[in-house]
$ cat input.cif   # mmCIF, C-alpha atoms
data_upload
loop_
_atom_site.label_atom_id
_atom_site.label_comp_id
_atom_site.auth_asym_id
_atom_site.auth_seq_id
_atom_site.Cartn_x
_atom_site.Cartn_y
_atom_site.Cartn_z
CA MET P 1048 0.00 0.00 0.00
CA ALA P 1049 1.48 3.34 -1.04
CA ILE P 1050 1.77 5.83 1.75
CA VAL P 1051 0.95 9.44 1.05
CA GLU P 1052 3.79 11.52 2.41
CA LEU P 1053 3.91 15.28 2.83
CA VAL P 1054 7.29 16.81 2.02
CA PRO P 1055 7.57 20.52 2.93
CA VAL P 1056 10.15 22.32 0.83
CA LYS P 1057 12.13 25.14 2.34
CA THR P 1058 12.88 28.14 0.13
CA ARG P 1059 14.42 31.57 0.49
CA ILE P 1060 11.95 34.43 0.75
CA LEU P 1061 10.15 34.62 -2.57
CA THR P 1062 9.37 38.07 -3.91
CA PRO P 1063 7.54 39.69 -6.83
CA GLN P 1064 10.77 39.22 -8.80
CA ASP P 1065 10.28 35.44 -8.63
CA ASN P 1066 8.20 33.12 -10.78
CA ILE P 1067 6.48 30.50 -8.66
CA VAL P 1068 6.97 27.71 -11.22
CA GLU P 1069 10.68 28.48 -11.52
CA ALA P 1070 10.96 28.63 -7.73
CA ILE P 1071 9.43 25.17 -7.46
CA ALA P 1072 11.89 23.96 -10.09
CA ALA P 1073 14.81 25.41 -8.14
CA TYR P 1074 13.86 24.05 -4.74
CA ALA P 1075 11.79 20.93 -5.38
CA GLY P 1076 12.26 20.02 -9.01
CA ASP P 1077 14.29 16.90 -8.31
CA ASN P 1078 11.78 15.58 -5.82
CA ILE P 1079 8.60 15.66 -7.92
CA GLY P 1080 7.44 12.39 -9.46
CA PRO P 1081 4.55 11.46 -11.75
CA ASP P 1082 2.40 10.25 -8.83
CA ASP P 1083 2.91 13.40 -6.79
CA VAL P 1084 0.80 16.46 -6.24
CA VAL P 1085 2.54 19.80 -5.76
CA SER P 1086 0.82 22.27 -3.47
CA VAL P 1087 1.85 25.87 -2.93
CA ALA P 1088 0.76 28.43 -0.36
CA GLU P 1089 -1.63 30.98 -1.78
CA SER P 1090 -0.01 34.01 -0.16
CA VAL P 1091 3.36 33.16 -1.69
CA VAL P 1092 1.76 32.71 -5.12
CA ALA P 1093 0.14 36.13 -4.69
CA ILE P 1094 3.45 37.69 -3.66
CA THR P 1095 5.23 36.28 -6.70
CA GLN P 1096 2.42 37.75 -8.80
CA GLY P 1097 3.11 41.15 -7.28
CA ARG P 1098 -0.30 41.25 -5.63
CA ILE P 1099 0.86 43.26 -2.65
CA VAL P 1100 0.46 46.86 -1.62
CA ARG P 1101 1.67 48.98 1.26
CA PRO P 1102 -0.87 51.07 3.19
CA GLU P 1103 1.29 54.13 2.60
CA ASP P 1104 0.65 53.75 -1.11
CA MET P 1105 -3.12 53.69 -0.69
CA ASP P 1106 -5.66 56.45 -0.20
CA PRO P 1107 -8.76 54.89 1.36
CA CYS P 1108 -11.99 56.38 0.12
CA PHE P 1109 -14.72 57.68 2.42
CA LEU P 1110 -16.76 54.48 2.09
CA ALA P 1111 -13.77 52.28 2.96
CA ARG P 1112 -13.10 54.34 6.06
CA ILE P 1113 -16.72 54.01 7.17
CA ILE P 1114 -17.42 50.42 6.21
CA CYS P 1115 -14.24 49.04 7.79
CA ARG P 1116 -15.69 50.17 11.10
CA LEU P 1117 -18.43 47.58 10.73
CA VAL P 1118 -15.99 44.66 10.46
CA PRO P 1119 -14.93 42.95 13.72
CA GLN P 1120 -11.45 44.15 14.58
CA LYS P 1121 -9.71 40.80 14.15
CA GLY P 1122 -10.69 40.72 10.47
CA SER P 1123 -8.35 41.69 7.63
CA LEU P 1124 -10.91 44.21 6.36
CA SER P 1125 -11.22 45.99 9.69
CA SER P 1126 -8.69 48.64 8.71
CA ALA P 1127 -9.46 51.29 6.10
CA TYR P 1128 -6.58 49.90 4.04
CA GLY P 1129 -7.77 46.30 4.11
CA MET P 1130 -11.24 47.46 3.13
CA GLN P 1131 -9.87 49.66 0.37
CA ALA P 1132 -7.91 46.68 -0.94
CA ALA P 1133 -11.13 44.67 -1.09
CA MET P 1134 -12.85 47.53 -2.91
CA ASP P 1135 -9.97 47.84 -5.36
CA ALA P 1136 -10.15 44.12 -6.08
CA GLU P 1137 -13.89 43.60 -6.19
CA GLY P 1138 -15.38 47.03 -6.75
CA LYS P 1139 -16.39 49.71 -4.29
CA TRP P 1140 -20.11 49.38 -4.84
CA ARG P 1141 -20.10 45.60 -4.78
CA VAL P 1142 -18.37 45.59 -1.40
CA THR P 1143 -20.70 48.30 -0.11
CA PHE P 1144 -23.75 46.40 -1.28
CA ALA P 1145 -22.39 43.21 0.29
CA MET P 1146 -21.93 45.01 3.60
CA ILE P 1147 -25.49 46.35 3.58
CA MET P 1148 -26.87 42.90 2.76
CA GLY P 1149 -24.58 41.33 5.33
CA ILE P 1150 -25.91 43.59 8.05
CA LEU P 1151 -29.51 42.93 7.05
CA ALA P 1152 -28.83 39.18 6.98
CA LYS P 1153 -27.28 39.32 10.44
CA LEU P 1154 -30.46 40.95 11.72
CA VAL P 1155 -32.34 37.81 10.73
CA GLY P 1156 -29.65 35.52 12.14
CA ARG P 1157 -27.66 34.62 9.01
CA ASN P 1158 -23.88 35.04 9.13
CA GLY P 1159 -21.33 35.12 6.32
CA VAL P 1160 -23.46 36.89 3.73
CA PHE P 1161 -20.96 39.73 3.35
CA TYR P 1162 -18.20 37.37 2.24
CA GLU P 1163 -20.60 35.46 -0.02
CA LEU P 1164 -21.48 38.64 -1.89
CA ALA P 1165 -18.31 40.71 -1.67
CA GLY P 1166 -16.29 38.46 -3.95
CA GLU P 1167 -13.50 35.94 -3.46
CA GLN P 1168 -10.77 38.49 -2.90
CA ALA P 1169 -12.58 39.97 0.09
CA ALA P 1170 -12.05 36.71 1.93
CA LEU P 1171 -8.47 36.20 0.76
CA ILE P 1172 -6.91 39.55 1.57
CA ASP P 1173 -4.33 39.45 4.35
CA ASP P 1174 -3.92 42.71 6.20
CA VAL P 1175 -0.53 43.92 7.47
CA THR P 1176 1.14 41.42 9.84
CA GLY P 1177 -0.56 38.59 7.95
CA THR P 1178 2.61 37.51 6.16
CA MET P 1179 6.21 37.06 7.19
CA PRO P 1180 8.85 39.82 6.85
CA PRO P 1181 9.46 41.69 4.66
CA PHE P 1182 5.82 41.42 3.60
CA ASP P 1183 4.48 41.97 7.13
CA LYS P 1184 4.14 45.65 6.19
CA HIS P 1185 2.08 44.86 3.08
CA ILE P 1186 -1.50 43.99 2.39
CA VAL P 1187 -1.44 40.76 0.38
CA TYR P 1188 -4.27 40.00 -2.01
CA GLY P 1189 -5.37 36.52 -2.96
CA PRO P 1190 -3.65 34.96 -5.98
CA ASP P 1191 -4.75 35.65 -9.51
CA ASN P 1192 -5.98 32.69 -11.56
CA PRO P 1193 -4.98 29.95 -9.08
CA ASN P 1194 -6.32 27.22 -11.37
CA GLY P 1195 -4.03 28.48 -14.11
CA VAL P 1196 -1.08 28.46 -11.71
CA ALA P 1197 -1.84 24.86 -10.74
CA GLU P 1198 -2.10 23.80 -14.39
CA ALA P 1199 1.20 25.53 -15.18
CA ILE P 1200 2.92 23.64 -12.35
CA LYS P 1201 1.54 20.32 -13.55
CA ALA P 1202 2.57 21.03 -17.14
CA ARG P 1203 6.11 21.95 -16.11
CA PHE P 1204 6.83 18.98 -13.85
CA GLY P 1205 4.65 16.26 -15.33
CA CYS P 1206 3.26 15.46 -11.93
CA HIS P 1207 -0.15 14.00 -11.16
CA GLY P 1208 -1.55 17.39 -10.21
CA ALA P 1209 -1.03 20.66 -8.41
CA ALA P 1210 -2.95 22.93 -6.08
CA VAL P 1211 -2.86 26.41 -4.61
CA ALA P 1212 -3.91 26.17 -0.98
CA ASP P 1213 -4.87 28.52 1.83
CA VAL P 1214 -4.10 26.71 5.07
CA ASN P 1215 -3.59 28.01 8.58
CA ASP P 1216 -2.77 26.72 12.02
CA LEU P 1217 -6.43 26.89 13.04
CA LYS P 1218 -7.15 23.70 11.10
CA MET P 1219 -8.73 25.59 8.24
CA ALA P 1220 -7.77 24.56 4.71
CA ALA P 1221 -9.16 25.79 1.43
CA ILE P 1222 -8.04 24.84 -2.05
CA LEU P 1223 -8.19 27.94 -4.22
CA GLY P 1224 -6.89 26.43 -7.39
CA VAL P 1225 -6.44 22.85 -8.53
CA THR P 1226 -5.70 20.90 -11.70
CA ALA P 1227 -8.48 19.03 -13.43
CA GLY P 1228 -9.25 15.63 -11.95
CA LEU P 1229 -8.22 16.36 -8.39
CA ASN P 1230 -10.76 16.61 -5.60
CA PRO P 1231 -10.23 19.87 -3.65
CA ALA P 1232 -11.96 18.47 -0.56
CA ASP P 1233 -9.57 15.51 -0.40
CA LEU P 1234 -6.55 17.78 -0.78
CA ALA P 1235 -7.85 20.15 1.89
CA GLN P 1236 -8.17 17.22 4.27
CA ILE P 1237 -4.60 16.09 3.55
CA LEU P 1238 -3.25 19.60 4.15
CA ILE P 1239 -5.40 20.35 7.21
CA ASP P 1240 -2.45 20.17 9.64
CA ASN P 1241 -0.74 22.98 7.77
CA PRO P 1242 2.46 21.34 6.49
CA PHE P 1243 3.39 24.77 5.11
CA GLY P 1244 4.15 25.57 8.73
CA ASN P 1245 3.98 29.01 10.18
CA ALA P 1246 5.47 31.90 8.29
CA SER P 1247 8.93 31.70 9.80
CA GLN P 1248 9.40 28.12 8.66
CA ARG P 1249 9.55 29.26 5.04
CA THR P 1250 8.12 26.11 3.47
CA PRO P 1251 5.63 27.48 0.94
CA ILE P 1252 5.81 24.34 -1.22
CA VAL P 1253 4.58 20.94 -0.08
CA VAL P 1254 5.01 17.91 -2.31
CA ILE P 1255 2.33 15.31 -1.63
CA LYS P 1256 4.23 12.14 -2.53
CA ASN P 1257 2.54 9.03 -3.94
CA TYR P 1258 -0.88 10.69 -4.11
CA ALA P 1259 -1.90 9.10 -7.41
CA GLN P 1260 -0.64 5.65 -6.48
CA ALA P 1261 -2.52 5.73 -3.18
CA ALA P 1262 -5.66 6.91 -4.95
CA ARG P 1263 -5.37 4.07 -7.48
CA GLU P 1264 -4.95 1.48 -4.76
CA LEU P 1265 -7.87 2.93 -2.83
CA ALA P 1266 -10.08 2.78 -5.92
CA ALA P 1267 -9.04 -0.81 -6.58
CA GLY P 1268 -10.11 -1.70 -3.05
CA MET U 572 -38.06 64.57 -0.57
CA LEU U 573 -37.84 66.10 2.87
CA PHE U 574 -38.31 62.65 4.37
CA PHE U 575 -35.27 61.30 2.50
CA ALA U 576 -33.16 64.30 3.47
CA VAL U 577 -34.05 63.85 7.13
CA ALA U 578 -33.43 60.10 6.92
CA ALA U 579 -30.01 60.64 5.31
CA ALA U 580 -29.09 63.21 7.95
CA ALA U 581 -30.21 60.85 10.72
CA LEU U 582 -28.16 58.01 9.21
CA ALA U 583 -25.09 60.25 8.96
CA VAL U 584 -25.45 61.27 12.60
CA ALA U 585 -25.91 57.64 13.63
CA VAL U 586 -22.77 56.57 11.75
CA TRP U 587 -20.80 59.45 13.22
CA LEU U 588 -21.94 58.54 16.73
CA PHE U 589 -21.07 54.90 16.12
CA ILE U 590 -17.55 55.75 14.96
CA ALA U 591 -17.04 58.24 17.79
CA ARG U 592 -18.15 55.66 20.33
CA GLN U 593 -16.07 52.92 18.72
CA GLY U 594 -12.88 54.96 18.98
CA ASP U 595 -9.52 53.72 17.77
CA ALA U 596 -6.19 52.38 18.92
CA GLU U 597 -4.01 54.81 20.88
CA PHE U 598 -0.42 53.97 21.66
CA GLU U 599 1.68 55.39 24.41
CA PHE U 600 5.27 54.57 25.26
CA LEU U 601 5.49 54.77 29.03
CA VAL U 602 8.71 56.74 29.05
CA ASP U 603 8.45 57.54 32.75
CA GLN U 604 8.42 53.82 33.48
CA ARG U 605 11.53 52.95 31.52
CA THR U 606 14.34 51.15 33.27
CA ASP U 607 17.71 52.78 33.86
CA PHE U 608 20.28 52.29 31.12
CA LYS U 609 22.61 49.45 32.00
CA LEU U 610 25.98 48.59 30.54
CA GLU U 611 25.77 45.69 28.12
CA GLU U 612 29.25 45.70 26.67
CA LEU U 613 32.52 47.55 27.21
CA SER U 614 35.57 47.00 25.08
CA GLY U 615 38.36 49.31 23.96
CA ASN U 616 36.70 52.12 22.09
CA ARG U 617 33.11 50.88 22.36
CA ALA U 618 30.42 50.85 25.06
CA VAL U 619 26.86 49.56 24.69
CA PHE U 620 23.96 50.42 26.98
CA SER U 621 20.32 49.36 26.99
CA CYS U 622 17.05 50.08 28.73
CA VAL U 623 13.51 48.74 28.52
CA VAL U 624 10.58 51.00 27.62
CA PRO U 625 7.06 49.61 28.04
CA PHE U 626 4.23 50.66 25.78
CA VAL U 627 0.50 50.19 25.84
CA ASN U 628 -2.43 50.46 23.49
CA LYS U 629 -4.72 52.50 25.72
CA GLY U 630 -7.32 52.95 22.99
CA THR U 631 -10.58 51.14 22.43
CA GLN U 632 -9.56 49.20 19.31
CA ASP U 633 -6.77 46.83 18.39
CA GLY U 634 -3.95 48.52 16.53
CA THR U 635 -0.83 47.62 14.59
CA ILE U 636 2.59 49.12 15.12
CA MET U 637 3.90 48.84 11.59
CA ASP U 638 7.34 50.15 12.31
CA CYS U 639 9.25 51.50 15.26
CA PHE U 640 12.75 52.88 15.48
CA THR U 641 14.97 55.22 17.46
CA ARG U 642 16.53 58.54 16.63
CA HIS U 643 19.27 59.72 18.97
CA LEU U 644 20.18 63.38 19.14
CA LEU U 645 23.82 64.03 19.89
CA PRO U 646 25.02 66.95 17.77
CA GLN U 647 28.77 67.35 17.44
CA GLU U 648 28.41 70.96 18.55
CA GLN U 649 27.36 69.61 21.94
CA PHE U 650 29.57 66.55 22.32
CA ASP U 651 32.14 65.43 19.79
CA ALA U 652 34.10 62.70 21.55
CA VAL U 653 31.98 59.74 20.49
CA GLU U 654 29.88 58.52 17.62
CA ALA U 655 26.48 57.25 18.75
CA PHE U 656 24.32 54.47 17.33
CA SER U 657 20.89 53.41 18.51
CA ARG U 658 18.25 50.85 17.70
CA LEU U 659 15.35 49.08 19.35
CA GLU U 660 13.77 45.66 19.33
CA LEU U 661 10.67 44.14 20.80
CA GLU U 662 11.40 42.63 24.20
CA SER U 663 9.21 39.60 23.56
CA ARG U 664 10.56 38.94 20.07
CA ARG U 665 14.23 39.86 20.04
CA ARG U 666 16.13 40.02 16.80
CA SER U 667 19.53 41.33 15.84
CA ASP U 668 18.84 42.91 12.46
CA GLY U 669 17.15 46.13 13.57
CA TYR U 670 14.00 45.16 11.68
CA PHE U 671 10.73 45.80 13.48
CA GLU U 672 8.18 43.17 12.53
CA ALA U 673 4.70 44.68 12.33
CA LEU U 674 2.85 43.86 15.52
CA ILE U 675 -0.84 43.75 16.37
CA VAL U 676 -1.44 45.08 19.87
CA PRO U 677 -4.91 44.34 21.25
CA LYS U 678 -6.72 47.16 23.01
CA THR U 679 -5.58 47.71 26.61
CA ASP U 680 -2.65 45.36 25.97
CA GLY U 681 1.01 46.26 25.68
CA ASN U 682 4.56 45.12 25.37
CA ALA U 683 8.01 46.66 25.69
CA VAL U 684 10.95 47.61 23.54
CA ILE U 685 14.61 47.32 24.38
CA VAL U 686 16.44 50.48 23.38
CA THR U 687 20.13 49.90 22.74
CA VAL U 688 22.61 52.75 22.47
CA ALA U 689 26.21 52.19 21.44
CA PHE U 690 29.03 54.70 21.64
CA ALA U 691 32.29 54.47 19.75
CA ALA U 692 35.13 56.74 20.85
CA LYS U 693 36.43 58.88 18.01
CA GLN U 694 39.85 58.75 19.67
CA GLY U 695 41.28 56.56 22.38
CA ASP U 696 39.47 54.67 25.12
CA ILE U 697 35.68 54.86 25.37
CA ARG U 698 35.80 55.32 29.15
CA GLN U 699 37.86 58.43 28.69
CA ALA U 700 35.72 59.63 25.81
CA LEU U 701 32.52 59.35 27.82
CA THR U 702 33.89 61.37 30.72
CA GLY U 703 32.22 64.57 29.55
CA MET U 704 29.08 62.91 28.17
CA VAL U 705 25.95 65.06 28.09
CA ASP U 706 22.26 64.21 28.44
CA MET U 707 21.16 62.70 25.14
CA PRO U 708 17.54 62.59 23.94
CA VAL U 709 16.53 59.39 22.19
CA GLU U 710 13.28 59.63 20.28
CA ILE U 711 11.12 56.58 19.65
CA TYR U 712 9.23 56.87 16.36
CA PHE U 713 6.32 54.55 15.69
CA GLN U 714 4.00 54.11 12.75
CA VAL U 715 0.45 53.04 13.56
CA VAL U 716 -2.20 51.42 11.37
CA ALA U 717 -5.58 50.89 12.99
CA ARG U 718 -9.13 51.82 12.03
CA GLY U 719 -8.24 55.27 10.77
CA LYS U 720 -5.50 56.60 8.52
CA TRP U 721 -1.95 55.54 9.33
CA TYR U 722 0.23 58.00 11.17
CA VAL U 723 3.67 58.38 12.66
CA ASP U 724 4.13 59.58 16.21
CA LYS U 725 7.12 59.84 18.50
CA GLN U 726 7.98 59.97 22.16
CA ARG U 727 11.22 60.86 23.80
CA ILE U 728 13.40 59.45 26.50
CA VAL U 729 16.54 61.15 27.73
CA MET U 730 19.66 59.15 28.36
CA MET U 731 21.09 61.08 31.27
CA ALA U 732 24.81 61.69 31.59
CA ASP U 733 24.59 60.65 35.25
CA GLU U 734 22.97 57.42 34.17
CA VAL U 735 25.81 56.64 31.77
CA ALA U 736 28.36 57.41 34.46
CA ALA U 737 26.55 55.21 36.97
CA ALA U 738 26.31 52.33 34.50
CA LEU U 739 30.03 52.64 33.77
CA LYS U 740 31.05 52.87 37.41
CA PRO U 741 31.26 49.13 38.23
CA ALA U 742 33.31 48.51 35.11
CA LEU U 743 35.63 51.39 35.94
CA ALA U 744 36.04 50.14 39.49
CA GLY U 745 36.98 46.70 38.19
CA ALA U 746 39.46 48.06 35.67
#

$ encode --input "input.cif" --output "structure tokens"
Amino acid sequence: MAIVELVPVKTRILTPQDNIVEAIAAYAGDNIGPDDVVSVAESVVAITQGRIVRPEDMDPCFLARIICRLVPQKGSLSSAYGMQAAMDAEGKWRVTFAMIMGILAKLVGRNGVFYELAGEQAALIDDVTGTMPPFDKHIVYGPDNPNGVAEAIKARFGCHGAAVADVNDLKMAAILGVTAGLNPADLAQILIDNPFGNASQRTPIVVIKNYAQAARELAAG
Amino acid sequence: MLFFAVAAAALAVAVWLFIARQGDAEFEFLVDQRTDFKLEELSGNRAVFSCVVPFVNKGTQDGTIMDCFTRHLLPQEQFDAVEAFSRLELESRRRSDGYFEALIVPKTDGNAVIVTVAFAAKQGDIRQALTGMVDMPVEIYFQVVARGKWYVDKQRIVMMADEVAAALKPALAGA
């Protein structure tokens, strides 16, 4: 019986000057086989795509400064800059509408409506401190076209598949992008213990070894 | 029409009251509670001192200190025998590179920074060079991001000449 093994790959700090596929080649290229699935941390993909901004380079609009006040203070959109980032990504009026509907929904006991309506980026934005230095002073958006990134990784390495994952130490895992044929729910379950580690461990790539072989054996009973 | 105007005005007042009541983060470095500077290192032409300065978020909202650094003020017109260097680091997360990692500070919570000041004698032995040392202000600059617009503020401690002399005294006695 093949054993699925998670192999975290340590890298240097990746920056907007890096290409995520080339970074995987440099740090994990020799350790990726045809039965493996390559997963990468979404925030690092976003950083390599240049999807970062410093608050000093932003000018929050009136609505952002008001609406951020309605977000609980632990949330990434609770600062005017986080909210402005969401508005820049998803549209000012969409986010405003989502907030109004979210408040109305809360009045009738339904939570989460704001994030359902505000667009994917609203849930993916990391406010300052959300990422390791030197990006701790940046707002980091969610990655662009995560499915495309996953397909590009698979095409480059000839592996079974690839995924862009958002995992944290609170046992929350979401697969933002995945190659065709892979089940995001299964991958999320495999990554639930956050093999990417915390920020300081600098392991933004995790190779899931023997994934395809284990899946074949499981299917064969 | 009048109804909508009144409703809009009422909503604006309600939002303003909500924001005013919600408040924001407010940071204060408790400079009057800092520890005395103590001697960390003494060698040849170099002496290093440090002290601990607590800070608190006394506001009503969590806030982030994005950056924090020192600025020492020792003009050559006032004292020209040494070159001064200063830096700070978070007491609970020490690091040697002078980088201040952005830090969320919950409301009513706090932490402390370690302020380190190093003197290098321009000529000869540092103990001799520091003989005529003067009081030296050290400003702590901090950049805050919270609910409102980001801002930079500063507070000042003064490294007293007497304090430097007292910190040096045991080392001088042992020399």

$ closest_atom_pairs --input "input.cif" --of "chain P" --to "chain U" --cutoff "12 Å" --atoms "only C-alpha atoms" --output "CSV"
residue,atom,partner,partner_atom,distance
P:Arg1101,CA,U:Met637,CA,10.6
P:Pro1102,CA,U:Trp721,CA,7.7
P:Glu1103,CA,U:Trp721,CA,7.6
P:Asp1104,CA,U:Trp721,CA,10.9
P:Met1105,CA,U:Lys720,CA,9.9
P:Asp1106,CA,U:Lys720,CA,8.7
P:Pro1107,CA,U:Lys720,CA,8.1
P:Cys1108,CA,U:Lys720,CA,10.6
P:Phe1109,CA,U:Gly719,CA,10.8
P:Leu1110,CA,U:Val586,CA,11.6
P:Ala1111,CA,U:Gly719,CA,10.0
P:Arg1112,CA,U:Gly719,CA,6.8
P:Ile1113,CA,U:Val586,CA,8.0
P:Ile1114,CA,U:Val586,CA,9.9
P:Cys1115,CA,U:Arg718,CA,7.2
P:Arg1116,CA,U:Arg718,CA,6.8
P:Leu1117,CA,U:Ile590,CA,9.2
P:Val1118,CA,U:Arg718,CA,10.0
P:Pro1119,CA,U:Gln632,CA,10.0
P:Gln1120,CA,U:Asp633,CA,6.6
P:Lys1121,CA,U:Asp633,CA,7.9
P:Gly1122,CA,U:Asp633,CA,10.7
P:Ser1123,CA,U:Ala717,CA,11.0
P:Leu1124,CA,U:Arg718,CA,9.7
P:Ser1125,CA,U:Arg718,CA,6.6
P:Ser1126,CA,U:Arg718,CA,4.6
P:Ala1127,CA,U:Arg718,CA,6.0
P:Tyr1128,CA,U:Lys720,CA,8.1
P:Gly1129,CA,U:Arg718,CA,9.7
P:Met1130,CA,U:Arg718,CA,10.1
P:Gln1131,CA,U:Lys720,CA,11.6
P:Asp1174,CA,U:Thr635,CA,10.2
P:Val1175,CA,U:Ala673,CA,7.2
P:Thr1176,CA,U:Ala673,CA,5.4
P:Gly1177,CA,U:Ala673,CA,9.2
P:Thr1178,CA,U:Ala673,CA,9.7
P:Met1179,CA,U:Glu672,CA,8.4
P:Pro1180,CA,U:Glu672,CA,6.6
P:Pro1181,CA,U:Glu672,CA,8.1
P:Phe1182,CA,U:Ala673,CA,9.4
P:Asp1183,CA,U:Ala673,CA,5.9
P:Lys1184,CA,U:Ala673,CA,6.2
P:His1185,CA,U:Met637,CA,9.6
P:Ile1186,CA,U:Val716,CA,11.7
P:Ser1247,CA,U:Glu672,CA,11.8

$ atom_distance --input "input.cif" --atom1 "CA of Ala1210 in chain P" --atom2 "CA of Asp1065 in chain P"
18.4 Å

$ resolve_selection --input "input.cif" --expression "the PyMOL selection byres ((chain P and resi 1238) around 10)" --output "list in words"
Leu1053, Ser1086, Ala1212, Asp1213, Val1214, Asn1215, Lys1218, Met1219, Ala1220, Ala1221, Ile1222, Ala1232, Asp1233, Leu1234, Ala1235, Gln1236, Ile1237, Ile1239, Asp1240, Asn1241, Pro1242, Phe1243, Val1253 and Ile1255 of chain P

$ residues_around --input "input.cif" --residues "Ala1262 in chain P" --least-positions-apart "4" --cutoff "10 Å" --atoms "all atoms listed in the file" --output "MDAnalysis selection string"
chainID P and resid 1049 1051 1082 1257:1258 1266:1268

$ resolve_selection --input "input.cif" --expression "the PyMOL selection byres ((chain U and resi 610) around 8)" --output "PyMOL selection string"
chain U and resi 608-609+611-613+618-621+738-739

$ atom_distance --input "input.cif" --atom1 "CA of Met731 in chain U" --atom2 "CA of Asp607 in chain U"
9.3 Å

$ atom_distance --input "input.cif" --atom1 "CA of Ala655 in chain U" --atom2 "CA of Ala691 in chain U"
6.5 Å

$ closest_residue --input "input.cif" --among "U:Leu659, U:Val723, U:Ile728, U:Ala579" --to "Gln604 in chain U" --atoms "all atoms listed in the file"
U:Ile728

$ resolve_selection --input "input.cif" --expression "the PyMOL selection byres ((chain U and resi 644) around 7)" --output "PyMOL selection string"
chain U and resi 642-643+645-646+707-709

$ closest_residue --input "input.cif" --among "U:Lys725, U:Arg605, U:Lys629, U:Arg617" --to "Val686 in chain U" --atoms "all atoms listed in the file"
U:Arg605

$ residues_around --input "input.cif" --residues "Ser614 in chain U" --least-positions-apart "5" --cutoff "12 Å" --atoms "all atoms listed in the file" --output "ChimeraX atom specification"
/U:619,689-692,695-698,739,742-743,746

$ residues_around --input "input.cif" --residues "Gln647 in chain U" --least-positions-apart "6" --cutoff "12 Å" --atoms "all atoms listed in the file" --output "PyMOL selection string"
chain U and resi 653-655+693+704-705+707

$ closest_residue --input "input.cif" --among "P:Arg1059, P:Arg1157, P:Arg1098, P:Arg1203" --to "Gly1076 in chain P" --atoms "only C-alpha atoms"
P:Arg1203

$ residues_around --input "input.cif" --residues "range 1091-1096 of chain P" --least-positions-apart "2" --cutoff "10 Å" --atoms "only C-alpha atoms" --output "ChimeraX atom specification"
/P:1060-1068,1070,1087-1089,1098-1100,1178,1182,1185,1187-1193,1196,1211-1212,1249-1252

$ write_last_selection --input "input.cif" --atoms "C-alpha atoms" --output "PDB file, in the frame of the given file"
ATOM      1  CA  ILE P1060      11.950  34.430   0.750  1.00  0.00           C
ATOM      2  CA  LEU P1061      10.150  34.620  -2.570  1.00  0.00           C
ATOM      3  CA  THR P1062       9.370  38.070  -3.910  1.00  0.00           C
ATOM      4  CA  PRO P1063       7.540  39.690  -6.830  1.00  0.00           C
ATOM      5  CA  GLN P1064      10.770  39.220  -8.800  1.00  0.00           C
ATOM      6  CA  ASP P1065      10.280  35.440  -8.630  1.00  0.00           C
ATOM      7  CA  ASN P1066       8.200  33.120 -10.780  1.00  0.00           C
ATOM      8  CA  ILE P1067       6.480  30.500  -8.660  1.00  0.00           C
ATOM      9  CA  VAL P1068       6.970  27.710 -11.220  1.00  0.00           C
ATOM     10  CA  ALA P1070      10.960  28.630  -7.730  1.00  0.00           C
ATOM     11  CA  VAL P1087       1.850  25.870  -2.930  1.00  0.00           C
ATOM     12  CA  ALA P1088       0.760  28.430  -0.360  1.00  0.00           C
ATOM     13  CA  GLU P1089      -1.630  30.980  -1.780  1.00  0.00           C
ATOM     14  CA  ARG P1098      -0.300  41.250  -5.630  1.00  0.00           C
ATOM     15  CA  ILE P1099       0.860  43.260  -2.650  1.00  0.00           C
ATOM     16  CA  VAL P1100       0.460  46.860  -1.620  1.00  0.00           C
ATOM     17  CA  THR P1178       2.610  37.510   6.160  1.00  0.00           C
ATOM     18  CA  PHE P1182       5.820  41.420   3.600  1.00  0.00           C
ATOM     19  CA  HIS P1185       2.080  44.860   3.080  1.00  0.00           C
ATOM     20  CA  VAL P1187      -1.440  40.760   0.380  1.00  0.00           C
ATOM     21  CA  TYR P1188      -4.270  40.000  -2.010  1.00  0.00           C
ATOM     22  CA  GLY P1189      -5.370  36.520  -2.960  1.00  0.00           C
ATOM     23  CA  PRO P1190      -3.650  34.960  -5.980  1.00  0.00           C
ATOM     24  CA  ASP P1191      -4.750  35.650  -9.510  1.00  0.00           C
ATOM     25  CA  ASN P1192      -5.980  32.690 -11.560  1.00  0.00           C
ATOM     26  CA  PRO P1193      -4.980  29.950  -9.080  1.00  0.00           C
ATOM     27  CA  VAL P1196      -1.080  28.460 -11.710  1.00  0.00           C
ATOM     28  CA  VAL P1211      -2.860  26.410  -4.610  1.00  0.00           C
ATOM     29  CA  ALA P1212      -3.910  26.170  -0.980  1.00  0.00           C
ATOM     30  CA  ARG P1249       9.550  29.260   5.040  1.00  0.00           C
ATOM     31  CA  THR P1250       8.120  26.110   3.470  1.00  0.00           C
ATOM     32  CA  PRO P1251       5.630  27.480   0.940  1.00  0.00           C
ATOM     33  CA  ILE P1252       5.810  24.340  -1.220  1.00  0.00           C
TER      34      ILE P1252
END

$ closest_residue --input "input.cif" --among "P:Asn1158, P:Thr1058, P:Thr1226, P:Asn1078" --to "Ala1199 in chain P" --atoms "all atoms listed in the file"
P:Thr1226

$ closest_residue --input "input.cif" --among "P:Lys1201, P:Gly1166, P:Glu1137, P:Gly1244" --to "Leu1217 in chain P" --atoms "all atoms listed in the file"
P:Gly1244

$ axis_aligned_box --input "input.cif" --around "range 1224-1240 of chain P" --padding-each-side "4 Å" --output "JSON"
{"center_x": -7.2, "center_y": 21.0, "center_z": -1.9, "size_x": 17.5, "size_y": 18.9, "size_z": 31.1}
